[in-house]
Amino acid sequence: MKILHCADIHLDSKMENKLSPDQARERRKEILEGFHNMISYAEKNDIQTVLIAGDLFDRRHIRKTVKDEVKQEFISHPDIEFYYLRGNHDITDFLDDLDEVPKNLHLFSADRWTSYQCPDNIVITGRELDAKSSSDLLSEMVLDPSKVNIVMLHGQDSEYQSRDNAYTIELPKLRGRYIDYLALGHIHSYRWEELDDRGVYCYPGCPEGRGFDECGKKGFVVLDIDSTGIRSHEFVSLAKRQLHEIKVGVEPDDDLNAIVKKVKAVLEKASPDDLIRIDLFGRKNMDLEIDCDWIRMHTDQGFYFYDVKDDTRVRINYENFAHDWSLKGTFVRTVQGLDMDEERKAQIIELGIRAIMEGSLQE
């Protein structure tokens with residue numbers, strides 16, 4: 001049996017706040033199209049089961065047209081069984097708006113563990129949890145060791161900092177529990193790792209990136225599984241666009257033209273369809289004013305979205321100011337004598353020099 005495992009689609013998301021209103025509307029449409037394309041992929045590739053491990057929607061107030069299109073996908077694919085476990089963002093009234101739950105849409109409860117018997121001796125078990133749920137609930141799950149057990153949960157791996165009021169999944173409590181495949185949602189990057197000697201766990205990530213905390217290739221996972229367990233798995237990407245945050249190092253000897261040359265070099269293979277942010281880092285000369293708008297104007301190759309961010313720090317050569325009795329030199333020596341770390345001193349000196357230079361221009 002083939003199974004498609006997806007999560008964190010976040011339909012009708014507000015999108016990256018730096019996009020224009022037209023781009024934000026277009027990206028919301030593209031994410032919805034991506035959901036349709038994913039179901040079409042399942043249909044064309046004889047995938048009988050789709051696992052949606054939380055956050056199908058992004059927020060409470062979802063446009064009716066979006067909810068209707070999702071409902072129609074379930075209804076128009078009666079040969080595909082959909083297992084939808086709601087996540088911490090799925091607080092919309094989508095299910096309440098359904099006059100009748102389609103027969104091929106299987107849901108889970110927050111009050112108890114729910115299990116579904118599937119072909120090939122496969123059982124799908126899940127429970128909807130939130131940040132207030134007790135971690136002891138994991139111990140209440142009872143699985144038959146003679147079955148091929150798929151467990152669905154939505155939450156944050158306990159090894160990572162929790163976000164968005166999500167349940168924290170303590171993976172050690174799920175080891176040795178006869179799980180063959182732990183289908184997870186919430187983390188927006190693809191992860192496939194061993195759970196124990198018997199099973200694996202997987203975060204498929206989000207099918208389409210929305211912000212620069214969701215860079216790289218995005219998609220879903222397809223499993224080939226039978227009564228003996230997982231035979232194979234594949235990560236599939238149908239994303240319309242990718243997001244890239246590209247770091248470019250700056251040296252103290254670089255001027256703006258040198259920085260532009262470096263940025264152009266890293267953008268040679270970038271796709272114009274993508275969303276790109278250049279992150280400048282390193283040490284710059286104290287007298288260099290990095291103009292991100294100027295750099296962006298001279299390096300933009302017509303990308304869908306393009307931005308330049310300055311995270312550089314000033315390199316301070318205190319010897320150059322040892323005998324400088326100007327206001328600038330006096331200021332630098334004063335800050336040098338303060339009891340604080342060098343990074344903080346550099347930040348203060350950068351701001352102070354900028355203020356002194358602006359003051360001199362106004363006189």
# chains A, B, ... in the order shown; residues from 1 in each chain; ligands from 1

$ residues_around --residues "A:Phe94" --least-positions-apart "6" --cutoff "12 Å" --atoms "only C-alpha atoms" --output "list of chain:residue names"
A:Leu11, A:Leu56, A:Phe57, A:Asp58, A:Arg59, A:Arg60, A:His61, A:Ile62, A:Arg63, A:Lys64, A:Thr65, A:Val66, A:Lys67, A:Asp68, A:Glu69, A:Val70, A:Lys71, A:Tyr84, A:Arg86, A:Glu100, A:Val101

$ residues_around --residues "A:Asn149" --least-positions-apart "2" --cutoff "9 Å" --atoms "only C-alpha atoms" --output "short mmCIF file (atom, residue, chain, number, x, y, z; two decimals) with N, CA, C and O atoms, in the first residue's frame"
data_model
loop_
_atom_site.label_atom_id
_atom_site.label_comp_id
_atom_site.auth_asym_id
_atom_site.auth_seq_id
_atom_site.Cartn_x
_atom_site.Cartn_y
_atom_site.Cartn_z
N ASN A 121 -2.79 -5.48 7.05
CA ASN A 121 -2.53 -5.60 8.49
C ASN A 121 -2.00 -4.30 9.11
O ASN A 121 -1.30 -4.30 10.11
N ILE A 122 -2.33 -3.18 8.48
CA ILE A 122 -1.86 -1.87 8.93
C ILE A 122 -2.93 -1.20 9.80
O ILE A 122 -4.12 -1.22 9.46
N VAL A 123 -2.48 -0.60 10.90
CA VAL A 123 -3.38 0.14 11.79
C VAL A 123 -2.84 1.57 11.93
O VAL A 123 -1.65 1.77 12.20
N ILE A 124 -3.73 2.54 11.73
CA ILE A 124 -3.37 3.94 11.90
C ILE A 124 -4.01 4.45 13.19
O ILE A 124 -5.23 4.40 13.36
N THR A 125 -3.16 4.95 14.10
CA THR A 125 -3.60 5.40 15.42
C THR A 125 -3.17 6.84 15.63
O THR A 125 -2.06 7.22 15.24
N LEU A 143 -0.83 -0.51 21.47
CA LEU A 143 -0.71 -1.00 20.09
C LEU A 143 -0.50 -2.51 20.09
O LEU A 143 0.11 -3.07 21.01
N ASP A 144 -0.98 -3.14 19.05
CA ASP A 144 -0.83 -4.58 18.87
C ASP A 144 0.50 -4.85 18.17
O ASP A 144 0.70 -4.41 17.02
N PRO A 145 1.42 -5.56 18.80
CA PRO A 145 2.74 -5.80 18.19
C PRO A 145 2.68 -6.63 16.92
O PRO A 145 3.62 -6.64 16.13
N SER A 146 1.56 -7.34 16.69
CA SER A 146 1.44 -8.16 15.49
C SER A 146 0.99 -7.35 14.28
O SER A 146 0.98 -7.87 13.16
N LYS A 147 0.62 -6.08 14.50
CA LYS A 147 0.18 -5.22 13.43
C LYS A 147 1.33 -4.33 12.93
O LYS A 147 2.34 -4.15 13.61
N VAL A 151 1.49 5.69 13.72
CA VAL A 151 0.97 6.58 14.75
C VAL A 151 1.10 8.02 14.26
O VAL A 151 2.18 8.43 13.80
N TYR A 178 6.07 -0.55 19.78
CA TYR A 178 5.60 -1.27 18.59
C TYR A 178 5.16 -0.33 17.46
O TYR A 178 4.27 -0.66 16.69
N ILE A 179 5.80 0.82 17.38
CA ILE A 179 5.50 1.77 16.31
C ILE A 179 6.42 1.46 15.12
O ILE A 179 7.64 1.39 15.26
N ASP A 180 5.81 1.30 13.94
CA ASP A 180 6.59 1.10 12.72
C ASP A 180 6.87 2.42 12.02
O ASP A 180 7.95 2.61 11.46
N TYR A 181 5.88 3.32 12.05
CA TYR A 181 6.06 4.63 11.42
C TYR A 181 5.33 5.68 12.25
O TYR A 181 4.12 5.59 12.46
N LEU A 182 6.09 6.66 12.74
CA LEU A 182 5.53 7.76 13.52
C LEU A 182 5.41 8.96 12.59
O LEU A 182 6.40 9.58 12.22
N GLY A 229 6.08 -4.26 6.87
CA GLY A 229 6.62 -2.97 7.31
C GLY A 229 6.90 -2.06 6.13
O GLY A 229 6.39 -2.25 5.02
#

$ select_by_dssp --residues "stretch 119-194 of chain A" --states "helix (DSSP H, G or I)" --output "list in words"
Ser135, Asp136, Leu137, Leu138, Ser139, Glu140, Leu171, Pro172, Lys173 and Leu174 of chain A

$ select_by_dssp --residues "stretch 213-292 of chain A" --states "strand (DSSP E)" --output "MDAnalysis selection string"
chainID A and resid 220:226 229:236 243:250 275:285

$ residues_around --residues "A:Phe108" --least-positions-apart "4" --cutoff "9 Å" --atoms "only C-alpha atoms" --output "list in words"
Tyr83, Tyr84, Leu85, Arg86, Arg112, Trp113, Thr114, Ser115, Thr125, Gly126, Arg127 and Glu128 of chain A

$ residues_around --residues "A:Tyr203" --least-positions-apart "4" --cutoff "8 Å" --atoms "only C-alpha atoms" --output "PyMOL selection string"
chain A and resi 7+183-192

$ write_last_selection --atoms "N, CA and C atoms" --output "JSON list (two decimals), in the first residue's frame"
[["chain", "number", "residue", "atom", "x", "y", "z"],
["A", 7, "ALA", "N", 2.03, 17.46, 6.07],
["A", 7, "ALA", "CA", 1.69, 18.22, 7.28],
["A", 7, "ALA", "C", 1.98, 19.70, 7.03],
["A", 183, "ALA", "N", 4.17, 9.25, 12.18],
["A", 183, "ALA", "CA", 3.89, 10.32, 11.23],
["A", 183, "ALA", "C", 3.63, 11.61, 11.99],
["A", 184, "LEU", "N", 4.58, 12.53, 11.92],
["A", 184, "LEU", "CA", 4.53, 13.75, 12.73],
["A", 184, "LEU", "C", 4.26, 14.98, 11.89],
["A", 185, "GLY", "N", 3.84, 16.02, 12.57],
["A", 185, "GLY", "CA", 3.69, 17.34, 11.96],
["A", 185, "GLY", "C", 4.09, 18.39, 12.97],
["A", 186, "HIS", "N", 4.42, 19.58, 12.50],
["A", 186, "HIS", "CA", 4.71, 20.79, 13.27],
["A", 186, "HIS", "C", 6.07, 21.38, 12.91],
["A", 187, "ILE", "N", 7.10, 20.57, 12.78],
["A", 187, "ILE", "CA", 8.39, 21.08, 12.34],
["A", 187, "ILE", "C", 8.36, 21.21, 10.82],
["A", 188, "HIS", "N", 8.77, 22.36, 10.30],
["A", 188, "HIS", "CA", 8.57, 22.68, 8.89],
["A", 188, "HIS", "C", 9.73, 22.27, 7.99],
["A", 189, "SER", "N", 10.61, 21.43, 8.49],
["A", 189, "SER", "CA", 11.71, 20.90, 7.69],
["A", 189, "SER", "C", 11.66, 19.38, 7.71],
["A", 190, "TYR", "N", 12.05, 18.77, 6.60],
["A", 190, "TYR", "CA", 12.00, 17.32, 6.47],
["A", 190, "TYR", "C", 13.00, 16.64, 7.40],
["A", 191, "ARG", "N", 12.52, 15.67, 8.15],
["A", 191, "ARG", "CA", 13.39, 14.86, 9.02],
["A", 191, "ARG", "C", 12.91, 13.42, 8.99],
["A", 192, "TRP", "N", 13.84, 12.49, 8.77],
["A", 192, "TRP", "CA", 13.55, 11.05, 8.79],
["A", 192, "TRP", "C", 14.64, 10.40, 9.64]]

$ residues_around --residues "A:Asp55" --least-positions-apart "5" --cutoff "7 Å" --atoms "only C-alpha atoms" --output "compact mmCIF listing (two decimals) with all heavy atoms, in the first residue's frame"
# COMPACT_ATOMS: atom_id res chain seq x y z
N ALA A 7 2.03 17.46 6.07
CA ALA A 7 1.69 18.22 7.28
C ALA A 7 1.98 19.70 7.03
O ALA A 7 2.68 20.06 6.07
CB ALA A 7 2.48 17.71 8.49
N ASP A 8 1.43 20.54 7.88
CA ASP A 8 1.80 21.97 7.92
C ASP A 8 1.63 22.66 6.57
O ASP A 8 2.51 23.37 6.10
CB ASP A 8 3.24 22.11 8.43
CG ASP A 8 3.40 21.54 9.82
OD1 ASP A 8 2.87 22.13 10.77
OD2 ASP A 8 4.03 20.48 9.95
N ILE A 9 0.46 22.47 5.98
CA ILE A 9 0.16 23.11 4.70
C ILE A 9 -0.19 24.59 4.93
O ILE A 9 0.14 25.45 4.12
CB ILE A 9 -0.98 22.36 3.99
CG1 ILE A 9 -0.56 20.90 3.78
CG2 ILE A 9 -1.32 23.02 2.67
CD1 ILE A 9 -1.67 20.00 3.31
N HIS A 10 -0.87 24.87 6.02
CA HIS A 10 -1.18 26.26 6.43
C HIS A 10 -1.93 27.03 5.34
O HIS A 10 -1.51 28.11 4.92
CB HIS A 10 0.10 27.00 6.83
CG HIS A 10 0.68 26.52 8.12
ND1 HIS A 10 0.24 26.96 9.35
CD2 HIS A 10 1.67 25.63 8.37
CE1 HIS A 10 0.93 26.36 10.31
NE2 HIS A 10 1.80 25.53 9.74
N ARG A 86 -5.90 17.11 13.44
CA ARG A 86 -5.75 18.56 13.53
C ARG A 86 -4.56 18.95 14.40
O ARG A 86 -4.26 18.31 15.40
CB ARG A 86 -7.03 19.19 14.08
CG ARG A 86 -8.19 19.15 13.10
CD ARG A 86 -9.47 19.66 13.70
NE ARG A 86 -9.94 18.79 14.76
CZ ARG A 86 -11.07 18.98 15.45
NH1 ARG A 86 -11.83 20.03 15.17
NH2 ARG A 86 -11.43 18.14 16.39
N GLY A 87 -3.90 20.06 14.01
CA GLY A 87 -2.76 20.59 14.75
C GLY A 87 -3.13 21.85 15.52
O GLY A 87 -4.31 22.23 15.59
N ASN A 88 -2.13 22.52 16.07
CA ASN A 88 -2.39 23.68 16.91
C ASN A 88 -2.89 24.89 16.13
O ASN A 88 -3.46 25.82 16.73
CB ASN A 88 -1.13 24.06 17.70
CG ASN A 88 0.07 24.29 16.80
OD1 ASN A 88 0.51 23.39 16.09
ND2 ASN A 88 0.62 25.49 16.82
N HIS A 89 -2.73 24.91 14.80
CA HIS A 89 -3.27 26.00 14.00
C HIS A 89 -4.66 25.69 13.46
O HIS A 89 -5.34 26.59 12.94
CB HIS A 89 -2.34 26.30 12.81
CG HIS A 89 -1.19 27.18 13.17
ND1 HIS A 89 -1.17 28.54 12.93
CD2 HIS A 89 0.00 26.90 13.77
CE1 HIS A 89 -0.03 29.05 13.36
NE2 HIS A 89 0.70 28.07 13.86
N ASP A 90 -5.09 24.45 13.57
CA ASP A 90 -6.37 24.04 12.99
C ASP A 90 -7.53 24.35 13.92
O ASP A 90 -8.22 23.46 14.43
CB ASP A 90 -6.35 22.53 12.68
CG ASP A 90 -5.54 22.21 11.46
OD1 ASP A 90 -5.68 22.91 10.46
OD2 ASP A 90 -4.75 21.25 11.51

$ residues_around --residues "A:Val263" --least-positions-apart "5" --cutoff "8 Å" --atoms "only C-alpha atoms" --output "PDB file with all heavy atoms, in the first residue's frame"
ATOM      1  N   VAL A 248      26.520  36.033   2.976  1.00  0.00           N
ATOM      2  CA  VAL A 248      27.663  36.557   2.224  1.00  0.00           C
ATOM      3  C   VAL A 248      28.601  37.245   3.207  1.00  0.00           C
ATOM      4  O   VAL A 248      28.201  38.184   3.906  1.00  0.00           O
ATOM      5  CB  VAL A 248      27.205  37.549   1.134  1.00  0.00           C
ATOM      6  CG1 VAL A 248      28.416  38.175   0.440  1.00  0.00           C
ATOM      7  CG2 VAL A 248      26.305  36.850   0.120  1.00  0.00           C
ATOM      8  N   ILE A 278      19.563  38.050   1.046  1.00  0.00           N
ATOM      9  CA  ILE A 278      21.006  38.037   1.265  1.00  0.00           C
ATOM     10  C   ILE A 278      21.276  38.526   2.687  1.00  0.00           C
ATOM     11  O   ILE A 278      20.798  39.588   3.093  1.00  0.00           O
ATOM     12  CB  ILE A 278      21.727  38.946   0.250  1.00  0.00           C
ATOM     13  CG1 ILE A 278      21.514  38.428  -1.176  1.00  0.00           C
ATOM     14  CG2 ILE A 278      23.217  39.045   0.574  1.00  0.00           C
ATOM     15  CD1 ILE A 278      22.125  37.086  -1.454  1.00  0.00           C
ATOM     16  N   THR A 299      22.032  44.299  -7.626  1.00  0.00           N
ATOM     17  CA  THR A 299      22.193  42.839  -7.681  1.00  0.00           C
ATOM     18  C   THR A 299      20.900  42.094  -7.994  1.00  0.00           C
ATOM     19  O   THR A 299      20.944  40.898  -8.278  1.00  0.00           O
ATOM     20  CB  THR A 299      22.754  42.295  -6.348  1.00  0.00           C
ATOM     21  OG1 THR A 299      21.906  42.714  -5.270  1.00  0.00           O
ATOM     22  CG2 THR A 299      24.161  42.799  -6.098  1.00  0.00           C
TER      23      THR A 299
END

$ residues_around --residues "stretch 164-171 of chain A" --least-positions-apart "6" --cutoff "9 Å" --atoms "only C-alpha atoms" --output "PyMOL selection string"
chain A and resi 87-89+129-135+138+153-158+186+195

$ closest_residue --among "A:Gly329, A:Gly352, A:Gly199, A:Pro207" --to "A:Ile230" --atoms "only C-alpha atoms"
A:Gly199
